[in-house]
Amino acid sequence: QGVLVESGGGSVQPGGSLRLSCAAPEVTASSYCMGWFRQAPGRGREAVAAINTFGHSTYYADSVRGRSSISRDNRARTVHLQLDSLRPEDTAMYYCAARDDGTWLEPASVGSYQLWGQGTQVTVSS
């Protein structure tokens, strides 16, 4: 078990960028696949991006593909999500998640992840 702590959220104008970070100091990072999810008011939690244990495989939701990038630093036990060309529809609480089953099955499924952070708010508006 471990704790995930997100940071980097904020308010930006459309077209702006944010870099979200997730610190996992108590997680044996190299054995965990990591993901970013988001949840807007009144909507379910949805996958944004995911990365496998050594960063060789990634997943991106269609809604952010081409304007986002997920990366990880296992030595520092951090995962980052770069969001560019932000749109109002990207407004949501963004959550970091970790799974310890050592697989890459269903990386976009909420149920695949055992550990969750408290979230960081991203607001995109003019």
# chains A, B, ... in the order shown; residues from 1 in each chain; ligands from 1
$ residues_around --residues "Gly66 of chain A" --least-positions-apart "4" --cutoff "10 Å" --atoms "only C-alpha atoms" --output "list in words"
Tyr60, Ala61, Asp62, Leu83, Asp84 and Ser85 of chain A
$ closest_atom_pairs --of "segment 3-92 of chain A" --to "segment 98-105 of chain A" --cutoff "7 Å" --atoms "only C-alpha atoms" --output "tab-separated table"
residue	atom	partner	partner_atom	distance
A:Ser31	CA	A:Gly102	CA	6.2
A:Tyr32	CA	A:Asp100	CA	4.9
A:Cys33	CA	A:Arg99	CA	5.4
A:Met34	CA	A:Ala98	CA	4.5
A:Gly35	CA	A:Ala98	CA	6.3
A:Asn52	CA	A:Trp104	CA	6.5
$ write_last_selection --atoms "N, CA and C atoms" --output "PDB file, in the first residue's frame"
ATOM      1  N   SER A  31       7.171  -1.556  -9.852  1.00  0.00           N
ATOM      2  CA  SER A  31       6.270  -2.692  -9.996  1.00  0.00           C
ATOM      3  C   SER A  31       4.827  -2.264 -10.249  1.00  0.00           C
ATOM      4  N   TYR A  32       4.598  -0.985 -10.366  1.00  0.00           N
ATOM      5  CA  TYR A  32       3.247  -0.490 -10.520  1.00  0.00           C
ATOM      6  C   TYR A  32       3.045   0.152 -11.888  1.00  0.00           C
ATOM      7  N   CYS A  33       1.922  -0.166 -12.506  1.00  0.00           N
ATOM      8  CA  CYS A  33       1.457   0.616 -13.637  1.00  0.00           C
ATOM      9  C   CYS A  33       0.722   1.827 -13.068  1.00  0.00           C
ATOM     10  N   MET A  34       0.845   2.965 -13.710  1.00  0.00           N
ATOM     11  CA  MET A  34       0.264   4.195 -13.205  1.00  0.00           C
ATOM     12  C   MET A  34      -0.692   4.784 -14.227  1.00  0.00           C
ATOM     13  N   GLY A  35      -1.710   5.453 -13.717  1.00  0.00           N
ATOM     14  CA  GLY A  35      -2.674   6.066 -14.616  1.00  0.00           C
ATOM     15  C   GLY A  35      -3.147   7.409 -14.104  1.00  0.00           C
ATOM     16  N   ASN A  52       2.939   1.885 -18.341  1.00  0.00           N
ATOM     17  CA  ASN A  52       3.272   0.642 -17.666  1.00  0.00           C
ATOM     18  C   ASN A  52       4.527   0.829 -16.808  1.00  0.00           C
TER      19      ASN A  52
END
$ atom_distance --atom1 "atom CA of Ser7 of chain A" --atom2 "atom CA of Arg75 of chain A"
18.4 Å
$ select_by_dssp --residues "chain A" --states "helix (DSSP H, G or I)" --output "VMD selection string"
chain A and resid 29 to 31 88 to 90 110 to 112
$ write_last_selection --atoms "all heavy atoms" --output "PDB file, in the first residue's frame"
ATOM      1  N   ALA A  29       7.619   1.854  -7.076  1.00  0.00           N
ATOM      2  CA  ALA A  29       7.147   2.383  -8.351  1.00  0.00           C
ATOM      3  C   ALA A  29       7.420   1.472  -9.530  1.00  0.00           C
ATOM      4  O   ALA A  29       6.618   1.379 -10.445  1.00  0.00           O
ATOM      5  CB  ALA A  29       7.754   3.753  -8.604  1.00  0.00           C
ATOM      6  N   SER A  30       8.532   0.791  -9.495  1.00  0.00           N
ATOM      7  CA  SER A  30       8.885  -0.015 -10.660  1.00  0.00           C
ATOM      8  C   SER A  30       7.952  -1.195 -10.856  1.00  0.00           C
ATOM      9  O   SER A  30       7.940  -1.795 -11.920  1.00  0.00           O
ATOM     10  CB  SER A  30      10.325  -0.503 -10.545  1.00  0.00           C
ATOM     11  OG  SER A  30      10.461  -1.337  -9.418  1.00  0.00           O
ATOM     12  N   SER A  31       7.171  -1.556  -9.852  1.00  0.00           N
ATOM     13  CA  SER A  31       6.270  -2.692  -9.996  1.00  0.00           C
ATOM     14  C   SER A  31       4.827  -2.264 -10.249  1.00  0.00           C
ATOM     15  O   SER A  31       3.945  -3.105 -10.332  1.00  0.00           O
ATOM     16  CB  SER A  31       6.322  -3.567  -8.745  1.00  0.00           C
ATOM     17  OG  SER A  31       5.829  -2.871  -7.626  1.00  0.00           O
ATOM     18  N   PRO A  88     -12.028  23.882 -22.571  1.00  0.00           N
ATOM     19  CA  PRO A  88     -12.967  23.937 -21.426  1.00  0.00           C
ATOM     20  C   PRO A  88     -13.470  22.563 -21.008  1.00  0.00           C
ATOM     21  O   PRO A  88     -13.684  22.324 -19.814  1.00  0.00           O
ATOM     22  CB  PRO A  88     -14.097  24.817 -21.970  1.00  0.00           C
ATOM     23  CG  PRO A  88     -13.422  25.716 -22.952  1.00  0.00           C
ATOM     24  CD  PRO A  88     -12.372  24.857 -23.609  1.00  0.00           C
ATOM     25  N   GLU A  89     -13.624  21.663 -21.957  1.00  0.00           N
ATOM     26  CA  GLU A  89     -14.117  20.323 -21.620  1.00  0.00           C
ATOM     27  C   GLU A  89     -13.090  19.470 -20.878  1.00  0.00           C
ATOM     28  O   GLU A  89     -13.398  18.375 -20.425  1.00  0.00           O
ATOM     29  CB  GLU A  89     -14.594  19.576 -22.875  1.00  0.00           C
ATOM     30  CG  GLU A  89     -13.584  19.515 -23.994  1.00  0.00           C
ATOM     31  CD  GLU A  89     -13.783  20.599 -25.025  1.00  0.00           C
ATOM     32  OE1 GLU A  89     -14.107  21.750 -24.648  1.00  0.00           O
ATOM     33  OE2 GLU A  89     -13.603  20.299 -26.240  1.00  0.00           O
ATOM     34  N   ASP A  90     -11.870  19.981 -20.749  1.00  0.00           N
ATOM     35  CA  ASP A  90     -10.871  19.290 -19.932  1.00  0.00           C
ATOM     36  C   ASP A  90     -11.024  19.617 -18.450  1.00  0.00           C
ATOM     37  O   ASP A  90     -10.333  19.037 -17.613  1.00  0.00           O
ATOM     38  CB  ASP A  90      -9.459  19.679 -20.374  1.00  0.00           C
ATOM     39  CG  ASP A  90      -9.128  19.181 -21.769  1.00  0.00           C
ATOM     40  OD1 ASP A  90      -9.470  18.027 -22.087  1.00  0.00           O
ATOM     41  OD2 ASP A  90      -8.518  19.957 -22.546  1.00  0.00           O
ATOM     42  N   VAL A 110     -11.225   1.870 -14.429  1.00  0.00           N
ATOM     43  CA  VAL A 110     -11.082   2.336 -13.051  1.00  0.00           C
ATOM     44  C   VAL A 110     -10.827   1.164 -12.114  1.00  0.00           C
ATOM     45  O   VAL A 110     -10.010   1.247 -11.193  1.00  0.00           O
ATOM     46  CB  VAL A 110     -12.355   3.102 -12.622  1.00  0.00           C
ATOM     47  CG1 VAL A 110     -12.336   3.390 -11.129  1.00  0.00           C
ATOM     48  CG2 VAL A 110     -12.490   4.393 -13.413  1.00  0.00           C
ATOM     49  N   GLY A 111     -11.498   0.052 -12.356  1.00  0.00           N
ATOM     50  CA  GLY A 111     -11.383  -1.105 -11.487  1.00  0.00           C
ATOM     51  C   GLY A 111     -10.036  -1.806 -11.526  1.00  0.00           C
ATOM     52  O   GLY A 111      -9.774  -2.666 -10.694  1.00  0.00           O
ATOM     53  N   SER A 112      -9.177  -1.415 -12.468  1.00  0.00           N
ATOM     54  CA  SER A 112      -7.858  -2.044 -12.564  1.00  0.00           C
ATOM     55  C   SER A 112      -6.878  -1.482 -11.539  1.00  0.00           C
ATOM     56  O   SER A 112      -5.808  -2.035 -11.346  1.00  0.00           O
ATOM     57  CB  SER A 112      -7.289  -1.841 -13.970  1.00  0.00           C
ATOM     58  OG  SER A 112      -8.069  -2.514 -14.943  1.00  0.00           O
TER      59      SER A 112
END
$ select_by_dssp --residues "segment 13-75 of chain A" --states "strand (DSSP E)" --output "PyMOL selection string"
chain A and resi 18-23+33-39+46-51+58-60+68-73
$ write_last_selection --atoms "N, CA and C atoms" --output "PDB file, in the first residue's frame"
ATOM      1  N   LEU A  18      -0.709  22.641 -18.737  1.00  0.00           N
ATOM      2  CA  LEU A  18      -0.432  22.316 -17.345  1.00  0.00           C
ATOM      3  C   LEU A  18       0.364  21.029 -17.292  1.00  0.00           C
ATOM      4  N   ARG A  19       1.184  20.904 -16.279  1.00  0.00           N
ATOM      5  CA  ARG A  19       1.916  19.668 -16.050  1.00  0.00           C
ATOM      6  C   ARG A  19       1.537  19.148 -14.669  1.00  0.00           C
ATOM      7  N   LEU A  20       0.816  18.059 -14.655  1.00  0.00           N
ATOM      8  CA  LEU A  20       0.401  17.449 -13.411  1.00  0.00           C
ATOM      9  C   LEU A  20       1.467  16.457 -12.953  1.00  0.00           C
ATOM     10  N   SER A  21       1.649  16.376 -11.656  1.00  0.00           N
ATOM     11  CA  SER A  21       2.626  15.455 -11.094  1.00  0.00           C
ATOM     12  C   SER A  21       1.963  14.590 -10.028  1.00  0.00           C
ATOM     13  N   CYS A  22       2.477  13.395  -9.900  1.00  0.00           N
ATOM     14  CA  CYS A  22       1.993  12.460  -8.897  1.00  0.00           C
ATOM     15  C   CYS A  22       3.209  11.886  -8.178  1.00  0.00           C
ATOM     16  N   ALA A  23       3.268  12.124  -6.885  1.00  0.00           N
ATOM     17  CA  ALA A  23       4.345  11.571  -6.075  1.00  0.00           C
ATOM     18  C   ALA A  23       3.849  10.305  -5.381  1.00  0.00           C
ATOM     19  N   CYS A  33       1.922  -0.166 -12.506  1.00  0.00           N
ATOM     20  CA  CYS A  33       1.457   0.616 -13.637  1.00  0.00           C
ATOM     21  C   CYS A  33       0.722   1.827 -13.068  1.00  0.00           C
ATOM     22  N   MET A  34       0.845   2.965 -13.710  1.00  0.00           N
ATOM     23  CA  MET A  34       0.264   4.195 -13.205  1.00  0.00           C
ATOM     24  C   MET A  34      -0.692   4.784 -14.227  1.00  0.00           C
ATOM     25  N   GLY A  35      -1.710   5.453 -13.717  1.00  0.00           N
ATOM     26  CA  GLY A  35      -2.674   6.066 -14.616  1.00  0.00           C
ATOM     27  C   GLY A  35      -3.147   7.409 -14.104  1.00  0.00           C
ATOM     28  N   TRP A  36      -3.675   8.197 -15.018  1.00  0.00           N
ATOM     29  CA  TRP A  36      -4.347   9.451 -14.691  1.00  0.00           C
ATOM     30  C   TRP A  36      -5.802   9.336 -15.143  1.00  0.00           C
ATOM     31  N   PHE A  37      -6.676   9.711 -14.249  1.00  0.00           N
ATOM     32  CA  PHE A  37      -8.100   9.719 -14.533  1.00  0.00           C
ATOM     33  C   PHE A  37      -8.649  11.113 -14.235  1.00  0.00           C
ATOM     34  N   ARG A  38      -9.829  11.394 -14.717  1.00  0.00           N
ATOM     35  CA  ARG A  38     -10.455  12.669 -14.393  1.00  0.00           C
ATOM     36  C   ARG A  38     -11.948  12.476 -14.192  1.00  0.00           C
ATOM     37  N   GLN A  39     -12.515  13.400 -13.438  1.00  0.00           N
ATOM     38  CA  GLN A  39     -13.945  13.354 -13.181  1.00  0.00           C
ATOM     39  C   GLN A  39     -14.485  14.770 -13.133  1.00  0.00           C
ATOM     40  N   GLU A  46     -13.177   8.928 -15.692  1.00  0.00           N
ATOM     41  CA  GLU A  46     -12.721   8.394 -16.973  1.00  0.00           C
ATOM     42  C   GLU A  46     -11.200   8.438 -17.064  1.00  0.00           C
ATOM     43  N   ALA A  47     -10.681   7.484 -17.787  1.00  0.00           N
ATOM     44  CA  ALA A  47      -9.236   7.415 -17.973  1.00  0.00           C
ATOM     45  C   ALA A  47      -8.757   8.518 -18.897  1.00  0.00           C
ATOM     46  N   VAL A  48      -7.605   9.064 -18.578  1.00  0.00           N
ATOM     47  CA  VAL A  48      -6.959  10.067 -19.429  1.00  0.00           C
ATOM     48  C   VAL A  48      -5.723   9.462 -20.088  1.00  0.00           C
ATOM     49  N   ALA A  49      -4.867   8.863 -19.272  1.00  0.00           N
ATOM     50  CA  ALA A  49      -3.630   8.273 -19.777  1.00  0.00           C
ATOM     51  C   ALA A  49      -3.119   7.255 -18.777  1.00  0.00           C
ATOM     52  N   ALA A  50      -2.287   6.346 -19.256  1.00  0.00           N
ATOM     53  CA  ALA A  50      -1.685   5.345 -18.378  1.00  0.00           C
ATOM     54  C   ALA A  50      -0.320   4.967 -18.924  1.00  0.00           C
ATOM     55  N   ILE A  51       0.514   4.436 -18.036  1.00  0.00           N
ATOM     56  CA  ILE A  51       1.872   4.052 -18.430  1.00  0.00           C
ATOM     57  C   ILE A  51       2.269   2.805 -17.668  1.00  0.00           C
ATOM     58  N   THR A  58       2.107   2.929 -23.303  1.00  0.00           N
ATOM     59  CA  THR A  58       1.254   4.017 -22.826  1.00  0.00           C
ATOM     60  C   THR A  58      -0.137   3.900 -23.435  1.00  0.00           C
ATOM     61  N   TYR A  59      -1.070   4.506 -22.749  1.00  0.00           N
ATOM     62  CA  TYR A  59      -2.449   4.581 -23.220  1.00  0.00           C
ATOM     63  C   TYR A  59      -2.883   6.037 -23.122  1.00  0.00           C
ATOM     64  N   TYR A  60      -3.644   6.481 -24.129  1.00  0.00           N
ATOM     65  CA  TYR A  60      -4.228   7.827 -24.104  1.00  0.00           C
ATOM     66  C   TYR A  60      -5.689   7.733 -24.532  1.00  0.00           C
ATOM     67  N   SER A  68      -1.355  15.474 -25.131  1.00  0.00           N
ATOM     68  CA  SER A  68      -0.970  15.116 -23.771  1.00  0.00           C
ATOM     69  C   SER A  68       0.177  14.123 -23.822  1.00  0.00           C
ATOM     70  N   SER A  69       0.890  14.032 -22.708  1.00  0.00           N
ATOM     71  CA  SER A  69       2.008  13.100 -22.640  1.00  0.00           C
ATOM     72  C   SER A  69       2.172  12.638 -21.200  1.00  0.00           C
ATOM     73  N   ILE A  70       2.242  11.324 -21.014  1.00  0.00           N
ATOM     74  CA  ILE A  70       2.460  10.772 -19.683  1.00  0.00           C
ATOM     75  C   ILE A  70       3.886  10.250 -19.604  1.00  0.00           C
ATOM     76  N   SER A  71       4.519  10.443 -18.465  1.00  0.00           N
ATOM     77  CA  SER A  71       5.876   9.966 -18.271  1.00  0.00           C
ATOM     78  C   SER A  71       6.056   9.585 -16.812  1.00  0.00           C
ATOM     79  N   ARG A  72       7.108   8.841 -16.540  1.00  0.00           N
ATOM     80  CA  ARG A  72       7.370   8.438 -15.157  1.00  0.00           C
ATOM     81  C   ARG A  72       8.864   8.426 -14.900  1.00  0.00           C
ATOM     82  N   ASP A  73       9.195   8.646 -13.643  1.00  0.00           N
ATOM     83  CA  ASP A  73      10.580   8.588 -13.181  1.00  0.00           C
ATOM     84  C   ASP A  73      10.577   7.627 -11.998  1.00  0.00           C
TER      85      ASP A  73
END
$ closest_residue --among "A:Pro14, A:Pro107, A:Gly119, A:Gly8" --to "Thr53 of chain A" --atoms "only C-alpha atoms"
A:Pro107
$ closest_residue --among "A:Val12, A:Ala108, A:Met93, A:Val64" --to "Ser125 of chain A" --atoms "only C-alpha atoms"
A:Val12
$ atom_distance --atom1 "atom CA of Gly44 of chain A" --atom2 "atom CA of His80 of chain A"
22.3 Å
